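*Asks:* I am sharing run32.txt, which consists of compact mmCIF, C-alpha atoms:
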```txt
# COMPACT_ATOMS: atom_id res chain seq x y z
CA MET A 1 -129.11 -47.09 -66.90
CA TYR A 2 -131.20 -44.62 -68.83
CA LEU A 3 -134.02 -42.50 -67.45
CA TYR A 4 -136.23 -41.23 -70.23
CA LYS A 5 -138.33 -38.24 -69.25
CA HIS A 6 -141.04 -36.05 -70.65
CA THR A 7 -142.93 -33.27 -68.90
CA ILE A 8 -146.49 -32.25 -69.77
CA TYR A 9 -147.58 -28.95 -68.23
CA LYS A 10 -151.06 -28.62 -66.78
CA ILE A 11 -150.59 -24.90 -66.10
CA THR A 12 -148.73 -23.13 -68.90
CA ASP A 13 -148.86 -19.47 -67.80
CA ASN A 14 -145.36 -19.32 -66.36
CA VAL A 15 -143.61 -21.77 -68.68
CA ILE A 16 -141.38 -19.85 -71.03
CA GLY A 17 -140.49 -21.31 -74.43
CA LEU A 18 -143.34 -23.86 -74.40
CA ASN A 19 -145.33 -24.74 -77.51
CA VAL A 20 -148.64 -24.43 -75.68
CA THR A 21 -150.80 -25.84 -78.46
CA GLU A 22 -148.66 -28.94 -78.78
CA ASN A 23 -148.45 -29.33 -75.00
CA ASN A 24 -152.23 -29.14 -74.58
CA THR A 25 -152.79 -31.67 -77.37
CA ASN A 26 -150.38 -34.05 -75.69
CA LYS A 27 -152.01 -33.42 -72.31
CA THR A 28 -155.43 -34.38 -73.64
CA ASP A 29 -154.07 -37.49 -75.32
CA PHE A 30 -152.16 -38.57 -72.23
CA GLU A 31 -155.05 -38.01 -69.83
CA THR A 32 -157.58 -39.84 -71.96
CA THR A 33 -155.41 -42.63 -73.32
CA HIS A 34 -152.46 -43.50 -71.06
CA LYS A 35 -152.62 -41.88 -67.62
CA SER A 36 -154.72 -44.56 -65.95
CA ALA A 37 -152.23 -47.28 -66.89
CA THR A 38 -149.16 -45.55 -65.46
CA ASP A 39 -147.53 -46.32 -62.11
CA LYS A 40 -148.05 -43.31 -59.82
CA VAL A 41 -145.06 -42.42 -57.68
CA THR A 42 -144.18 -39.44 -55.52
CA GLN A 43 -140.43 -39.33 -56.07
CA ILE A 44 -137.61 -40.92 -58.02
CA ASP A 45 -134.09 -41.12 -56.58
CA LEU A 46 -131.16 -42.36 -58.65
CA PHE A 47 -128.52 -44.63 -57.10
CA GLU A 48 -126.70 -45.96 -60.11
CA THR A 49 -124.94 -44.13 -62.89
CA THR A 50 -127.89 -42.99 -64.94
CA TYR A 51 -128.15 -41.02 -68.14
CA ILE A 52 -131.16 -38.70 -68.12
CA VAL A 53 -132.60 -38.30 -71.60
CA LEU A 54 -135.35 -35.79 -72.33
CA LYS A 55 -137.81 -36.92 -74.97
CA THR A 56 -140.61 -35.26 -76.86
CA TYR A 57 -144.05 -36.72 -76.20
CA THR A 58 -144.05 -38.48 -79.59
CA ASP A 59 -140.61 -39.98 -78.99
CA PHE A 60 -141.61 -41.00 -75.46
CA GLU A 61 -144.66 -42.79 -76.82
CA ALA A 62 -142.41 -44.61 -79.26
CA LEU A 63 -140.54 -46.16 -76.29
CA ILE A 64 -143.70 -48.07 -75.40
CA THR A 65 -143.06 -51.06 -77.66
CA GLY A 66 -145.23 -53.77 -76.13
CA GLU A 67 -142.38 -55.33 -74.22
CA VAL A 68 -142.36 -52.01 -72.38
CA THR A 69 -145.86 -50.89 -71.47
CA TRP A 70 -147.43 -47.78 -69.96
CA ALA A 71 -147.54 -49.66 -66.66
CA ASP A 72 -143.74 -49.35 -66.63
CA VAL A 73 -143.97 -45.57 -66.84
CA LYS A 74 -143.51 -43.91 -63.45
CA LEU A 75 -145.77 -40.87 -63.23
CA ILE A 76 -145.07 -37.94 -60.88
CA GLU A 77 -148.07 -35.64 -60.85
CA ASP A 78 -147.79 -32.13 -59.40
CA SER A 79 -150.47 -29.47 -59.31
CA ASP A 80 -148.99 -27.88 -62.43
CA LYS A 81 -147.44 -30.74 -64.45
CA TYR A 82 -147.07 -34.43 -65.21
CA GLU A 83 -143.56 -35.91 -65.23
CA LEU A 84 -143.34 -39.12 -67.24
CA ASN A 85 -140.35 -41.32 -66.36
CA LEU A 86 -139.21 -44.60 -67.92
CA ILE A 87 -136.16 -46.45 -66.62
CA SER A 88 -134.34 -48.66 -69.05
CA GLY A 89 -131.08 -50.54 -69.28
CA SER A 90 -130.51 -49.17 -72.76
CA MET B 1 -135.68 33.49 -46.38
CA SER B 2 -134.87 31.02 -43.62
CA ASP B 3 -131.53 30.05 -42.18
CA ILE B 4 -129.95 26.70 -41.51
CA ASP B 5 -127.63 26.97 -38.55
CA LYS B 6 -124.99 24.34 -37.76
CA PRO B 7 -125.82 21.67 -40.38
CA THR B 8 -124.69 18.21 -39.25
CA GLN B 9 -124.10 16.80 -42.73
CA ASP B 10 -123.72 18.03 -46.27
CA VAL B 11 -127.00 18.72 -48.01
CA SER B 12 -127.94 19.83 -51.47
CA LEU B 13 -130.91 22.13 -51.85
CA PHE B 14 -132.90 22.42 -55.05
CA SER B 15 -135.69 24.68 -56.11
CA SER B 16 -138.72 23.34 -57.91
CA ASP B 17 -137.11 23.93 -61.32
CA GLY B 18 -134.08 21.86 -60.34
CA THR B 19 -131.54 24.65 -59.84
CA ILE B 20 -129.49 24.88 -56.71
CA ALA B 21 -131.03 27.55 -54.51
CA ALA B 22 -128.80 27.95 -51.51
CA ASP B 23 -126.00 30.33 -50.70
CA VAL B 24 -123.63 30.80 -47.79
CA TYR B 25 -123.25 34.28 -46.46
CA TYR B 26 -121.50 35.86 -43.51
CA ASP B 27 -123.92 37.29 -40.95
CA SER B 28 -122.05 40.28 -39.54
CA VAL B 29 -124.56 40.65 -36.68
CA THR B 30 -124.00 37.19 -35.26
CA GLY B 31 -120.54 36.75 -36.68
CA LYS B 32 -121.57 33.39 -38.17
CA ASN B 33 -121.70 31.88 -41.63
CA ARG B 34 -125.26 31.06 -42.59
CA VAL B 35 -126.94 29.26 -45.45
CA ALA B 36 -129.68 31.21 -47.14
CA VAL B 37 -132.35 29.06 -48.74
CA ASP B 38 -134.47 30.22 -51.65
CA ALA B 39 -138.13 30.62 -50.73
CA ASN B 40 -139.22 28.61 -53.82
CA ILE B 41 -137.82 25.34 -52.47
CA THR B 42 -140.65 22.82 -52.07
CA ALA B 43 -138.89 19.60 -51.02
CA VAL B 44 -135.55 18.32 -49.88
CA GLN B 45 -134.64 15.07 -51.56
CA PRO B 46 -131.80 12.60 -50.95
CA VAL B 47 -129.28 12.46 -53.76
CA GLY B 48 -128.82 8.76 -54.21
CA VAL B 49 -126.63 7.53 -51.36
CA SER B 50 -127.44 4.41 -49.42
CA GLU B 51 -127.90 6.28 -46.13
CA SER B 52 -130.71 8.19 -47.75
CA GLU B 53 -132.46 5.02 -48.82
CA THR B 54 -134.27 4.81 -45.53
CA ILE B 55 -135.43 8.39 -46.08
CA ALA B 56 -136.67 7.45 -49.57
CA ILE B 57 -138.62 4.51 -48.18
CA ARG B 58 -140.14 6.56 -45.39
CA LYS B 59 -141.02 9.38 -47.78
CA GLY B 60 -142.98 6.92 -49.89
CA TRP B 61 -140.59 7.17 -52.84
CA ALA B 62 -139.45 3.51 -52.84
CA TYR B 63 -141.06 0.59 -54.66
CA SER B 64 -140.55 -3.14 -55.09
CA VAL B 65 -141.61 -5.35 -57.97
CA ALA B 66 -141.10 -9.10 -58.20
CA SER B 67 -142.25 -12.32 -59.82
CA GLN B 68 -145.66 -13.39 -58.56
CA SER B 69 -144.78 -17.10 -58.71
CA PRO B 70 -141.86 -19.25 -59.86
CA ILE B 71 -141.28 -19.18 -63.60
CA THR B 72 -140.16 -22.20 -65.61
CA ILE B 73 -137.81 -21.36 -68.44
CA LEU B 74 -137.34 -24.25 -70.85
CA ALA B 75 -134.01 -25.22 -72.35
CA GLY B 76 -132.70 -22.56 -74.70
CA ALA B 77 -135.55 -20.14 -73.95
CA THR B 78 -135.31 -16.51 -72.83
CA TYR B 79 -137.49 -14.46 -70.49
CA ASN B 80 -137.44 -10.69 -70.26
CA ILE B 81 -138.41 -8.08 -67.72
CA HIS B 82 -139.18 -4.82 -69.47
CA LEU B 83 -138.73 -1.57 -67.52
CA LYS B 84 -140.21 1.47 -69.22
CA THR B 85 -139.34 4.81 -67.65
CA GLN B 86 -141.45 7.92 -68.12
CA SER B 87 -140.70 11.62 -67.76
CA ALA B 88 -142.20 12.58 -64.41
CA THR B 89 -139.47 11.11 -62.21
CA ARG B 90 -135.98 9.66 -62.40
CA ILE B 91 -135.81 5.98 -61.46
CA HIS B 92 -132.93 4.90 -59.19
CA LEU B 93 -132.66 1.15 -59.61
CA ARG B 94 -130.99 -0.37 -56.55
CA ASP B 95 -131.47 -4.11 -56.14
CA ILE B 96 -131.71 -6.62 -58.95
CA SER B 97 -131.79 -10.15 -57.59
CA PHE B 98 -132.62 -13.55 -59.03
CA ASN B 99 -133.06 -16.99 -57.55
CA VAL B 100 -132.65 -20.09 -59.73
CA ASN B 101 -133.48 -23.58 -58.50
CA LYS B 102 -130.43 -25.55 -57.49
CA ASN B 103 -129.23 -27.81 -60.26
CA ASN B 104 -126.13 -29.53 -61.60
CA LEU B 105 -126.80 -28.87 -65.23
CA SER B 106 -123.98 -28.23 -67.63
CA GLY B 107 -124.01 -24.74 -69.07
CA THR B 108 -125.17 -21.51 -67.50
CA GLN B 109 -128.16 -19.28 -67.02
CA THR B 110 -127.50 -15.57 -67.40
CA VAL B 111 -129.21 -12.20 -67.19
CA ALA B 112 -128.31 -9.32 -69.49
CA LEU B 113 -129.24 -5.65 -69.08
CA TYR B 114 -130.02 -3.62 -72.19
CA GLY B 115 -130.90 0.06 -72.50
CA ASP B 116 -132.54 2.13 -75.29
CA ALA B 117 -134.40 -0.96 -76.48
CA THR B 118 -137.21 -0.84 -79.03
CA VAL B 119 -140.36 -2.64 -77.97
CA SER B 120 -143.21 -3.34 -80.38
CA VAL B 121 -145.65 -4.94 -77.96
CA ASN B 122 -145.66 -4.59 -74.18
CA GLY B 123 -145.92 -7.91 -72.38
CA THR B 124 -147.80 -8.78 -69.22
CA ALA B 125 -148.06 -5.77 -66.91
CA GLN B 126 -146.57 -6.17 -63.45
CA THR B 127 -147.61 -4.15 -60.41
CA PRO B 128 -144.86 -2.55 -58.30
CA PHE B 129 -145.86 -1.91 -54.69
CA ASN B 130 -144.80 0.99 -52.51
CA ASN B 131 -142.53 0.03 -49.63
CA ASP B 132 -144.61 2.29 -47.40
CA ARG B 133 -147.88 0.47 -47.40
CA ALA B 134 -149.75 3.57 -46.32
CA VAL B 135 -148.73 5.45 -49.49
CA THR B 136 -151.06 5.20 -52.48
CA THR B 137 -148.98 7.26 -54.95
CA PRO B 138 -148.62 5.20 -58.13
CA THR B 139 -145.17 4.57 -59.51
CA ASN B 140 -144.02 6.14 -62.75
CA LEU B 141 -142.08 3.03 -63.75
CA LEU B 142 -143.97 0.66 -66.04
CA VAL B 143 -142.94 -2.98 -65.68
CA TYR B 144 -143.84 -5.79 -68.08
CA THR B 145 -142.69 -9.35 -68.61
CA ASN B 146 -142.03 -10.96 -71.95
CA SER B 147 -142.52 -7.88 -74.08
CA THR B 148 -141.83 -8.21 -77.80
CA VAL B 149 -138.44 -6.59 -78.31
CA THR B 150 -137.51 -5.64 -81.88
CA ALA B 151 -134.13 -4.13 -80.99
CA PHE B 152 -132.28 -4.60 -77.71
CA GLY B 153 -130.14 -1.47 -77.96
CA THR B 154 -127.07 -1.09 -75.76
CA LYS B 155 -125.97 -4.10 -73.75
CA PHE B 156 -124.54 -3.07 -70.40
CA TYR B 157 -123.63 -6.48 -69.04
CA GLU B 158 -124.37 -10.19 -69.02
CA TYR B 159 -124.14 -11.83 -65.63
CA ILE B 160 -124.17 -15.48 -64.61
CA LEU B 161 -127.03 -16.40 -62.30
CA HIS B 162 -126.16 -18.84 -59.54
CA SER B 163 -128.21 -21.95 -59.08
CA ASP B 164 -127.09 -22.60 -55.52
CA TRP B 165 -127.59 -19.19 -53.91
CA GLU B 166 -129.38 -15.96 -54.69
CA THR B 167 -127.69 -13.73 -57.25
CA TYR B 168 -127.57 -9.98 -56.61
CA VAL B 169 -126.79 -8.61 -60.04
CA GLN B 170 -126.30 -5.11 -58.68
CA PRO B 171 -124.29 -5.33 -55.44
CA SER B 172 -126.35 -2.70 -53.68
CA TYR B 173 -126.54 -4.67 -50.46
CA THR B 174 -122.83 -4.14 -49.89
CA THR B 175 -122.16 -0.85 -51.66
CA LYS B 176 -123.89 2.37 -52.57
CA TYR B 177 -124.40 1.11 -56.12
CA GLU B 178 -127.44 2.26 -58.02
CA LEU B 179 -128.35 2.75 -61.66
CA ILE B 180 -130.12 6.02 -62.44
CA MET B 181 -132.28 5.31 -65.43
CA LYS B 182 -132.83 7.70 -68.30
CA LYS B 183 -136.31 9.11 -68.80
CA ASN B 184 -138.66 7.78 -71.50
CA THR B 185 -136.49 4.74 -72.18
CA ASN B 186 -137.03 1.01 -72.48
CA TYR B 187 -134.69 -1.19 -70.44
CA ILE B 188 -134.69 -4.97 -70.78
CA LEU B 189 -133.44 -7.54 -68.28
CA GLN B 190 -133.22 -10.72 -70.34
CA VAL B 191 -132.74 -14.10 -68.68
CA SER B 192 -131.31 -16.84 -70.89
CA ASN B 193 -131.42 -20.54 -70.05
CA ASN B 194 -128.31 -21.74 -71.88
CA GLN B 195 -128.77 -25.32 -70.77
CA ASN B 196 -130.55 -28.38 -72.07
CA GLN B 197 -133.05 -28.66 -69.23
CA PRO B 198 -135.62 -26.31 -67.69
CA ILE B 199 -134.78 -23.99 -64.81
CA THR B 200 -137.15 -22.41 -62.30
CA LEU B 201 -136.61 -18.75 -61.46
CA THR B 202 -137.90 -15.90 -59.32
CA TRP B 203 -136.80 -12.25 -59.46
CA PHE B 204 -136.95 -9.12 -57.33
CA LEU B 205 -136.30 -5.44 -58.09
CA PHE B 206 -136.11 -2.52 -55.66
CA TYR B 207 -135.99 1.12 -56.75
CA TYR B 208 -136.90 4.61 -55.70
CA GLU B 209 -138.01 7.52 -57.81
CA LEU B 210 -137.21 11.19 -57.44
CA GLU B 211 -138.17 14.39 -59.18
CA PRO B 212 -136.21 15.00 -62.38
CA TYR B 213 -132.96 16.90 -61.94
```
With the file now loaded, output its structure as structure tokens.

*Replies:*
Amino acid sequence: MYLYKHTIYKITDNVIGLNVTENNTNKTDFETTHKSATDKVTQIDLFETTYIVLKTYTDFEALITGEVTWADVKLIEDSDKYELNLISGS
Amino acid sequence: MSDIDKPTQDVSLFSSDGTIAADVYYDSVTGKNRVAVDANITAVQPVGVSESETIAIRKGWAYSVASQSPITILAGATYNIHLKTQSATRIHLRDISFNVNKNNLSGTQTVALYGDATVSVNGTAQTPFNNDRAVTTPTNLLVYTNSTVTAFGTKFYEYILHSDWETYVQPSYTTKYELIMKKNTNYILQVSNNQNQPITLTWFLFYYELEPY
């Protein structure tokens, strides 16, 4: 199993090493274009051997092929960030 | 001059210009050894032992400075705490502690201490607070985060930060360890996330400051 992840920060003050401009562009795009379609969850626990793969926002978007849709994306929203999660067999 | 009769522990006495100003003499009238203290002495200060730390706190000479909220450090990124000493007092740095969120990531997170660094731009100013909340005397130590460092200077150590319990970089809670910092010098505590995922971190420093000697 693969868990593809990307984090978009809503509050960037205490995030070190972040490209803030790129993050904020992605945040705007996600909120206006994709957020409403995602599946909101509060927690993800892993019970099988799972590879966690961090993706950039662009690469994460590329996983949404049509067979896989934004409705398959599990969204964890905290006060300071969005965590995008997509579980896949490959 | 005044006498000190039957001292219960060793003391060092300094005049206002930093020279020792005490002498033992034999008082032939009483038949006792006495300590004569110079009349110019203005304060008695502890000389950096842990038993005197309580005195330093209660005299209003002790300060704490810490992160105001958890800090996320992305994979491969570094975060620095910049300590800039001045000339009015000597800074005795006692506790340096870090907490990193528990994780099972491969790789390490570390903190390195540098001295005599060159800083081109001071980062975000932090506000140390006096451990005696009734004392309003400002500290002489300037503290910034994420200053722009052009040269790190001398590296004293690099220390692994635990992710499953708090890391005391300076073991002052078990020993009398302290680092007496040089005046007018930039010191950098640099945290490095040498892993491929973010970590979350908080930090805490405790120090006291004394007159130069």

*Asks:* With only C-alpha atoms as the counted atoms, please give the residues lying no more than 12 Å from Pro198 of chain B, apart from itself and same-chain residues fewer than 6 positions off, as a compact mmCIF listing (two decimals) with C-alpha atoms, in the coordinates of the input.

*Replies:*
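As written to disk, result-v3.txt reads:
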```
# COMPACT_ATOMS: atom_id res chain seq x y z
CA HIS A 6 -141.04 -36.05 -70.65
CA THR A 7 -142.93 -33.27 -68.90
CA VAL A 15 -143.61 -21.77 -68.68
CA ILE A 16 -141.38 -19.85 -71.03
CA GLY A 17 -140.49 -21.31 -74.43
CA LEU A 18 -143.34 -23.86 -74.40
CA LEU A 54 -135.35 -35.79 -72.33
CA ILE B 71 -141.28 -19.18 -63.60
CA THR B 72 -140.16 -22.20 -65.61
CA ILE B 73 -137.81 -21.36 -68.44
CA LEU B 74 -137.34 -24.25 -70.85
CA ALA B 75 -134.01 -25.22 -72.35
CA GLY B 76 -132.70 -22.56 -74.70
CA ALA B 77 -135.55 -20.14 -73.95
CA THR B 78 -135.31 -16.51 -72.83
CA VAL B 100 -132.65 -20.09 -59.73
CA ASN B 101 -133.48 -23.58 -58.50
CA LYS B 102 -130.43 -25.55 -57.49
CA ASN B 103 -129.23 -27.81 -60.26
CA ASN B 104 -126.13 -29.53 -61.60
CA LEU B 105 -126.80 -28.87 -65.23
CA SER B 106 -123.98 -28.23 -67.63
CA GLY B 107 -124.01 -24.74 -69.07
CA THR B 108 -125.17 -21.51 -67.50
CA GLN B 109 -128.16 -19.28 -67.02
CA SER B 192 -131.31 -16.84 -70.89
```

*Asks:* Between atom CA of Ser88 of chain A and atom CA of Val53 of chain A, measure the distance and give it in Å to one decimal.

*Replies:*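 The value is 10.8 Å.
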
*Asks:* What gap, in Å, lies between atom CA of Phe204 of chain B and atom CA of Phe98 of chain B?

*Replies:*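 Between atom CA of Phe204 of chain B and atom CA of Phe98 of chain B the gap works out to 6.4 Å.
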
*Asks:* Quick one: residues within 8 Å of (-131.7, -4.1, -58.6) (file frame), counting all atoms listed in the file, please, as a PDB file with C-alpha atoms, in the coordinates of the input.

*Replies:*
```
ATOM      1  CA  LEU B  93    -132.660   1.150 -59.610  1.00  0.00           C
ATOM      2  CA  ARG B  94    -130.990  -0.370 -56.550  1.00  0.00           C
ATOM      3  CA  ASP B  95    -131.470  -4.110 -56.140  1.00  0.00           C
ATOM      4  CA  ILE B  96    -131.710  -6.620 -58.950  1.00  0.00           C
ATOM      5  CA  SER B  97    -131.790 -10.150 -57.590  1.00  0.00           C
ATOM      6  CA  TYR B 168    -127.570  -9.980 -56.610  1.00  0.00           C
ATOM      7  CA  VAL B 169    -126.790  -8.610 -60.040  1.00  0.00           C
ATOM      8  CA  GLN B 170    -126.300  -5.110 -58.680  1.00  0.00           C
ATOM      9  CA  SER B 172    -126.350  -2.700 -53.680  1.00  0.00           C
ATOM     10  CA  GLU B 178    -127.440   2.260 -58.020  1.00  0.00           C
ATOM     11  CA  PHE B 204    -136.950  -9.120 -57.330  1.00  0.00           C
ATOM     12  CA  LEU B 205    -136.300  -5.440 -58.090  1.00  0.00           C
ATOM     13  CA  PHE B 206    -136.110  -2.520 -55.660  1.00  0.00           C
ATOM     14  CA  TYR B 207    -135.990   1.120 -56.750  1.00  0.00           C
TER      15      TYR B 207
END
```

*Asks:* I want to know what sits within 10 Å of Ile11 of chain A, based on all atoms listed in the file, with residues of the same chain fewer than 3 positions away left out; could you give that as number ranges by chain?

*Replies:* A: 8, 14-15, 20, 24, 79-81

*Asks:* Calculate how many Å separate atom CA of Tyr57 of chain A from atom CA of Asn26 of chain A, rounding to one decimal.

*Replies:* 6.9 Å

*Asks:* I want to know what sits within 7 Å of segment 40-52 of chain A, based on all atoms listed in the file, with residues of the same chain fewer than 2 positions away left out; could you give that as a PyMOL selection string?

*Replies:* chain A and resi 1-4+38+54+74-76

*Asks:* Write out as an mmCIF file with C-alpha atoms, in the frame of the given file each polymer residue whose atoms come within 10 Å of His34 of chain A, counting all atoms listed in the file; drop sequence neighbours fewer than 2 positions from it.

*Replies:*
```cif
data_model
loop_
_atom_site.group_PDB
_atom_site.id
_atom_site.type_symbol
_atom_site.label_atom_id
_atom_site.label_comp_id
_atom_site.auth_asym_id
_atom_site.auth_seq_id
_atom_site.Cartn_x
_atom_site.Cartn_y
_atom_site.Cartn_z
ATOM 1 C CA THR A 28 -155.430 -34.380 -73.640
ATOM 2 C CA ASP A 29 -154.070 -37.490 -75.320
ATOM 3 C CA PHE A 30 -152.160 -38.570 -72.230
ATOM 4 C CA GLU A 31 -155.050 -38.010 -69.830
ATOM 5 C CA THR A 32 -157.580 -39.840 -71.960
ATOM 6 C CA SER A 36 -154.720 -44.560 -65.950
ATOM 7 C CA ALA A 37 -152.230 -47.280 -66.890
ATOM 8 C CA THR A 38 -149.160 -45.550 -65.460
ATOM 9 C CA GLU A 61 -144.660 -42.790 -76.820
ATOM 10 C CA THR A 69 -145.860 -50.890 -71.470
ATOM 11 C CA TRP A 70 -147.430 -47.780 -69.960
ATOM 12 C CA ALA A 71 -147.540 -49.660 -66.660
ATOM 13 C CA VAL A 73 -143.970 -45.570 -66.840
#
```

*Asks:* Tell me which of B:Thr110, B:Thr202, B:Gln86, B:Thr167 sits closest to chain A, counting only C-alpha atoms.

*Replies:*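 Closest to chain A of all the choices is B:Thr202.
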
*Asks:* Within 7 Å of Lys84 of chain B, counting all atoms listed in the file, which residues qualify if same-chain residues fewer than 5 places away don't, as a PDB file with C-alpha atoms, keeping the file's coordinate frame?

*Replies:*
```pdb
ATOM      1  CA  LEU B 141    -142.080   3.030 -63.750  1.00  0.00           C
ATOM      2  CA  LEU B 142    -143.970   0.660 -66.040  1.00  0.00           C
ATOM      3  CA  VAL B 143    -142.940  -2.980 -65.680  1.00  0.00           C
ATOM      4  CA  ASN B 184    -138.660   7.780 -71.500  1.00  0.00           C
ATOM      5  CA  THR B 185    -136.490   4.740 -72.180  1.00  0.00           C
ATOM      6  CA  ASN B 186    -137.030   1.010 -72.480  1.00  0.00           C
ATOM      7  CA  TYR B 187    -134.690  -1.190 -70.440  1.00  0.00           C
TER       8      TYR B 187
END
```
